[in-house]
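Peer 1: Pasting a structure here, questions to come.
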Amino acid sequence: DSSTSRGLGDVYKRQGPHHIAQARSSLRDLLRLIDALPRQQREIFIGVRIEGMLQSEAAARYGVSGRIVRRHLRDVHRHVDSQAARLLA
C-alpha cells in the first residue's frame, strides 16, 4: 500500500536541504568517532551494533570473553555519548 510505504525521496522532500545537510554532518561525525576507536573495540561495536552479531559470536570471533565484549560496548557508548554531547554543546 503506497500510503504506508515511503521511499527515501519522500523523506528528503519532507525534511528539506538544511535538515539533510545536518544529518549528513552528524553521520560523518559519528563515523569519525567510531573510526578513532581502538581496533578491537571498533570491530566488536560494528559487528554487534551495526551488523547484528550476537555478543557471544563477537566473543568467539575475537577470542575474548563475553564480559570483555560487554565492556567494549559499554565503553564505546560512553565515548560516543560524551563526544556527541560535546559536539552538540
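So you can find residues: chains in the C-alpha cells are A, B, ... in the order shown, residues in each start at 1, and ligands are numbered from 1 in order.
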Each residue of range 26-60 of chain A lying at most 9 Å from range 65-71 of chain A should get a row with its shortest atom-to-atom pair and the distance in Å to one decimal, counting only C-alpha atoms; could you produce that, ordered by chain and increasing number, as a tab-separated table?
Peer 2:
```
residue	atom	partner	partner_atom	distance
A:Gln41	CA	A:Val69	CA	8.2
A:Ile44	CA	A:Val69	CA	6.9
A:Phe45	CA	A:Val69	CA	8.6
A:Gln55	CA	A:Val69	CA	6.5
A:Ser56	CA	A:Gly66	CA	6.1
A:Ala58	CA	A:Val69	CA	7.1
A:Ala59	CA	A:Ser65	CA	5.4
A:Ala60	CA	A:Ser65	CA	7.7
```
Peer 1: For CA of Val48 in chain A and CA of Leu30 in chain A, determine how far apart the two atoms are, in Å to one decimal place.
Peer 2: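 CA of Val48 in chain A sits 16.4 Å away from CA of Leu30 in chain A.
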Peer 1: Report, in Å to a single decimal, how far apart CA of Val76 in chain A and CA of Val64 in chain A are.
Peer 2: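 CA of Val76 in chain A lies 16.4 Å from CA of Val64 in chain A.
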Peer 1: Considering only C-alpha atoms, return as a VMD selection string whatever protein or nucleic-acid residues lie within 12 Å of Arg42 in chain A, sequence-local ones (same chain, fewer than 5 positions apart) excluded.
Peer 2: chain A and resid 31 to 37 47 to 50 58 62 69 72 to 77 79 to 80
Peer 1: Could you save the residues just selected, with C-alpha atoms, as a compact mmCIF listing (two decimals), in the first residue's frame?
Peer 2:
```txt
# COMPACT_ATOMS: atom_id res chain seq x y z
CA LEU A 31 31.77 7.69 11.67
CA ARG A 32 34.89 9.64 12.69
CA LEU A 33 34.27 8.79 16.35
CA ILE A 34 33.88 5.11 15.53
CA ASP A 35 36.94 5.13 13.26
CA ALA A 36 39.06 6.61 16.07
CA LEU A 37 38.27 3.75 18.47
CA GLY A 47 29.82 -6.42 14.50
CA VAL A 48 27.29 -6.29 17.33
CA ARG A 49 25.54 -2.95 16.90
CA ILE A 50 25.63 -2.50 13.13
CA ALA A 58 31.72 -11.49 18.77
CA TYR A 62 37.75 -12.02 18.61
CA VAL A 69 32.61 -7.71 24.71
CA HIS A 72 33.90 -2.73 24.95
CA LEU A 73 30.29 -1.96 24.02
CA ARG A 74 29.76 0.00 27.25
CA ASP A 75 32.97 1.97 26.69
CA VAL A 76 32.07 2.77 23.08
CA HIS A 77 28.63 4.01 24.09
CA HIS A 79 32.69 7.61 24.47
CA VAL A 80 30.17 8.32 21.70
```
Peer 1: Write down as a ChimeraX atom specification the residues belonging to chain A that are assigned alpha helix (DSSP H) by DSSP computed on the backbone.
Peer 2: /A:8-15,17-35,39-45,55-62,66-88
Peer 1: For the selection just defined, write its residues with C-alpha atoms to a file, as a PDB file, in the first residue's frame.
Peer 2:
```
ATOM      1  CA  LEU A   8      13.948   7.999   0.899  1.00  0.00           C
ATOM      2  CA  GLY A   9      12.936  10.528  -1.707  1.00  0.00           C
ATOM      3  CA  ASP A  10       9.788  11.248   0.295  1.00  0.00           C
ATOM      4  CA  VAL A  11      11.851  11.712   3.441  1.00  0.00           C
ATOM      5  CA  TYR A  12      14.175  14.137   1.657  1.00  0.00           C
ATOM      6  CA  LYS A  13      11.242  16.144   0.301  1.00  0.00           C
ATOM      7  CA  ARG A  14       9.680  16.473   3.758  1.00  0.00           C
ATOM      8  CA  GLN A  15      12.882  17.283   5.612  1.00  0.00           C
ATOM      9  CA  PRO A  17      18.061  20.510   2.416  1.00  0.00           C
ATOM     10  CA  HIS A  18      19.148  22.090   5.721  1.00  0.00           C
ATOM     11  CA  HIS A  19      17.950  19.118   7.773  1.00  0.00           C
ATOM     12  CA  ILE A  20      19.549  16.675   5.339  1.00  0.00           C
ATOM     13  CA  ALA A  21      22.880  18.526   5.494  1.00  0.00           C
ATOM     14  CA  GLN A  22      22.779  18.453   9.309  1.00  0.00           C
ATOM     15  CA  ALA A  23      22.009  14.725   9.316  1.00  0.00           C
ATOM     16  CA  ARG A  24      24.881  14.006   6.930  1.00  0.00           C
ATOM     17  CA  SER A  25      27.258  16.071   9.053  1.00  0.00           C
ATOM     18  CA  SER A  26      26.163  14.217  12.200  1.00  0.00           C
ATOM     19  CA  LEU A  27      26.673  10.891  10.459  1.00  0.00           C
ATOM     20  CA  ARG A  28      30.184  11.927   9.363  1.00  0.00           C
ATOM     21  CA  ASP A  29      30.976  12.943  12.958  1.00  0.00           C
ATOM     22  CA  LEU A  30      29.729   9.601  14.257  1.00  0.00           C
ATOM     23  CA  LEU A  31      31.767   7.691  11.675  1.00  0.00           C
ATOM     24  CA  ARG A  32      34.889   9.645  12.691  1.00  0.00           C
ATOM     25  CA  LEU A  33      34.267   8.791  16.349  1.00  0.00           C
ATOM     26  CA  ILE A  34      33.879   5.112  15.526  1.00  0.00           C
ATOM     27  CA  ASP A  35      36.941   5.129  13.264  1.00  0.00           C
ATOM     28  CA  ARG A  39      40.687  -1.653  16.566  1.00  0.00           C
ATOM     29  CA  GLN A  40      39.136  -4.432  18.640  1.00  0.00           C
ATOM     30  CA  GLN A  41      36.620  -2.106  20.278  1.00  0.00           C
ATOM     31  CA  ARG A  42      35.617  -0.713  16.863  1.00  0.00           C
ATOM     32  CA  GLU A  43      35.277  -4.157  15.276  1.00  0.00           C
ATOM     33  CA  ILE A  44      33.177  -5.512  18.148  1.00  0.00           C
ATOM     34  CA  PHE A  45      30.940  -2.428  18.090  1.00  0.00           C
ATOM     35  CA  GLN A  55      27.682 -10.799  21.701  1.00  0.00           C
ATOM     36  CA  SER A  56      28.637 -14.470  22.079  1.00  0.00           C
ATOM     37  CA  GLU A  57      29.565 -14.590  18.382  1.00  0.00           C
ATOM     38  CA  ALA A  58      31.725 -11.488  18.766  1.00  0.00           C
ATOM     39  CA  ALA A  59      33.446 -13.033  21.787  1.00  0.00           C
ATOM     40  CA  ALA A  60      34.235 -16.188  19.813  1.00  0.00           C
ATOM     41  CA  ARG A  61      35.354 -14.283  16.707  1.00  0.00           C
ATOM     42  CA  TYR A  62      37.749 -12.023  18.615  1.00  0.00           C
ATOM     43  CA  GLY A  66      31.534 -12.106  26.867  1.00  0.00           C
ATOM     44  CA  ARG A  67      32.485  -9.800  29.729  1.00  0.00           C
ATOM     45  CA  ILE A  68      35.109  -8.101  27.558  1.00  0.00           C
ATOM     46  CA  VAL A  69      32.607  -7.712  24.705  1.00  0.00           C
ATOM     47  CA  ARG A  70      30.117  -6.070  27.079  1.00  0.00           C
ATOM     48  CA  ARG A  71      32.856  -3.798  28.458  1.00  0.00           C
ATOM     49  CA  HIS A  72      33.904  -2.728  24.947  1.00  0.00           C
ATOM     50  CA  LEU A  73      30.288  -1.959  24.019  1.00  0.00           C
ATOM     51  CA  ARG A  74      29.764  -0.002  27.246  1.00  0.00           C
ATOM     52  CA  ASP A  75      32.970   1.970  26.692  1.00  0.00           C
ATOM     53  CA  VAL A  76      32.071   2.769  23.077  1.00  0.00           C
ATOM     54  CA  HIS A  77      28.628   4.009  24.093  1.00  0.00           C
ATOM     55  CA  ARG A  78      30.083   6.175  26.842  1.00  0.00           C
ATOM     56  CA  HIS A  79      32.691   7.608  24.465  1.00  0.00           C
ATOM     57  CA  VAL A  80      30.171   8.324  21.704  1.00  0.00           C
ATOM     58  CA  ASP A  81      27.671   9.824  24.175  1.00  0.00           C
ATOM     59  CA  SER A  82      30.275  12.114  25.728  1.00  0.00           C
ATOM     60  CA  GLN A  83      31.637  13.224  22.356  1.00  0.00           C
ATOM     61  CA  ALA A  84      28.143  13.747  20.953  1.00  0.00           C
ATOM     62  CA  ALA A  85      27.274  15.938  23.944  1.00  0.00           C
ATOM     63  CA  ARG A  86      30.457  17.942  23.331  1.00  0.00           C
ATOM     64  CA  LEU A  87      29.667  18.335  19.627  1.00  0.00           C
ATOM     65  CA  LEU A  88      26.104  19.468  20.331  1.00  0.00           C
TER      66      LEU A  88
END
```
